[in-house]
Amino acid sequence: MTAAPDPMSDAALRERAARVIPGGLWGHMRSQGLPAGYPQFFQRAEGCRLWDADGREFIDFMCSWGPIVLGHHDPEVEAAAEAQRRLGDAMNGPAPVLVELAEHFTALVAHADWTIFAKNGTDATTICVTTARAGTGRRKLLVAKGAYHGAAPWCSPSVVGVTAEDRAHLLHFRYNNIRSLEQAAAMCAGDLAGVLVSPFRHDYGVDQELPTPEFAQAVRALCDRAGAALILDEVRTGARIDLAGSWEDLGVRPDLAAWSKAIANGHALAAVTGSERWRDAAASIFVTGSFWCGAVAMAAALACLRKLQAVDGIAHMRAMGQRLRDGLARQAAAHGFRIRCSGPPQMPMLLFDDDADAALGSAFCSLALQRGVYLHPKHNMFLSVAHRAQDIDRTLDVTEGAFAELAAGRR
Ligand code: PMP
């Protein structure tokens with residue numbers, strides 16, 4: 001007699017999902033873009049490790065696509081969340097922690113004179129754009145070609161189900177290209193509401209690019225000249241580059257910034273920060289959601305931001321990312337591969353030379369996965385405070401094996 005298949009296995013869950021969920025899953029967590037063998041479903045996670053539905057353990061370098069910044073299930077964050085959960089979460093109005101968190105975040109973020117909270121990154125970027133339009137009475141928005149700012153019709157990377165009217169006032173420039181920025185602005189003829197830009201270029205499947213200081217300064221100068229809003233999309237970078245704002249080291253401050261992902265260590269929260277000039281505009285628009293004042297996520301955010309500061313989490317993530325990057329570079333060279341590790345060390349993107357379709361990168365990541373390390377072949381990855389030196393060294397043991405097997409396959 002053969003045993004009945006486990007209905008909670010990854011394969012069974014995929015089959016069951018395909019029957020009751022269109023396409024089996026929506027959006028970026030559908031394991032499209034990932035090589036065969038990557039799990040779709042996960043049982044649990046702890047620190048820098050996670051376990052898939054089949055019970056396989058991995059050292060995690062995606063951190064839930066960014067939100068996990070201290071490590072899965074951080075004890076201090078979870079204690080703060082649990083204490084608030086016992087008091088109340090979704091109530092008829094916000095809990096006191098809303099004001100505490102707004103005070104904390106406004107003091108932490110250098111350009112901020114005020115903060116609004118929401119749930120997802122798309123909420124935050126949309127609020128920024130609406131505020132910029134309300135504050136200027138204008139319509140046009142400049143965005144970098146290929147940049148991701150969310151999944152609403154005005155910004156989704158897919159045009160399926162989206163009308164031309166949804167995008168009517170969007171104009172594109174090339175990241176780090178001042179000429180194309182100014183050309184796009186010139187087409188707006190007095191109707192420029194804002195420029196929406198990420199702190200560095202982190203587009204899917206291509207090398208990450210840090211901004212040149214000249215480019216950041218040119219965006220600032222253009223917005224000042226035009227009376228438009230400089231909107232920084234910190235959704236992916238926030239709490240991993242600089243808690244005060246990712247362009248602080250460049251001396252460039254935005255008017256509005258969108259935050260989410262890492263600010264509450266995995267609890268659902270987004271924030272918009274703004275300077276005084278945009279306060280009345282932000283007060284004038286109508287934005288809300290049934291769960292936007294949820295107090296548990298706010299308590300989690302307060303604990304998360306305090307701990308990140310107390311342990312200098314960003315410096316730790318940068319050091320661990322550098323340790324990983326240096327090790328990968330040494331191993332790749334020793335095995336005759338040319339790789340490129342781009343972006344800040346704590347948010348690495350790993351691509352192979354002469355690998356336009358990412359076949360080599362995908363094969364490498366599959367070999368690492370089989371040995372217990374979860375990497376992504378096309379998207380930037382994330383370090384967390386829970387990654388310690390021994391986890392990086394264990395990872396490098398695994399990638400050494402993966403490079404060796406990849407090299408053997410080429411011979
Ligand atoms: N902006 C950036 C830069 C992002 O990376 C993301 C999410 N990947 C978003 C906006 C949208 O955030 P969310 O998925 O939470 O709506």
# chains A, B, ... in the order shown; residues from 1 in each chain; ligands from 1

call {"tool": "residues_near_ligand", "arguments": {"ligand": "ligand 1", "cutoff": "9 Å", "atoms": "only C-alpha atoms and all ligand atoms", "output": "number ranges by chain"}}
result
A: 28, 65-66, 119-125, 147-152, 197-199, 202-203, 233-237, 258-261, 268-270

call {"tool": "residues_around", "arguments": {"residues": "range 87-100 of chain A", "least_positions_apart": "4", "cutoff": "7 Å", "atoms": "only C-alpha atoms", "output": "list in words"}}
result
Ala83, His104, Phe291, Cys293, Gly294, Ala295, Val296, Met298 and Ala299 of chain A

call {"tool": "write_last_selection", "arguments": {"atoms": "C-alpha atoms", "output": "short mmCIF file (atom, residue, chain, number, x, y, z; two decimals), in the first residue's frame"}}
result
data_model
loop_
_atom_site.label_atom_id
_atom_site.label_comp_id
_atom_site.auth_asym_id
_atom_site.auth_seq_id
_atom_site.Cartn_x
_atom_site.Cartn_y
_atom_site.Cartn_z
CA ALA A 83 1.88 43.62 24.23
CA HIS A 104 9.87 58.97 16.50
CA PHE A 291 -6.30 48.69 8.62
CA CYS A 293 -4.27 52.61 11.98
CA GLY A 294 -3.58 49.04 13.12
CA ALA A 295 -1.68 49.46 16.37
CA VAL A 296 0.23 46.15 16.43
CA MET A 298 3.04 50.44 14.83
CA ALA A 299 4.27 48.98 18.10
#

call {"tool": "closest_residue", "arguments": {"among": "A:Arg411, A:Arg323, A:Arg394, A:Arg277", "to": "Gly135 in chain A", "atoms": "only C-alpha atoms"}}
result
A:Arg277

call {"tool": "select_by_dssp", "arguments": {"residues": "range 229-368 of chain A", "states": "helix (DSSP H, G or I)", "output": "NGL selection string"}}
result
:A and (248-250 or 261-264 or 276-284 or 295-310 or 313-334 or 359-368)
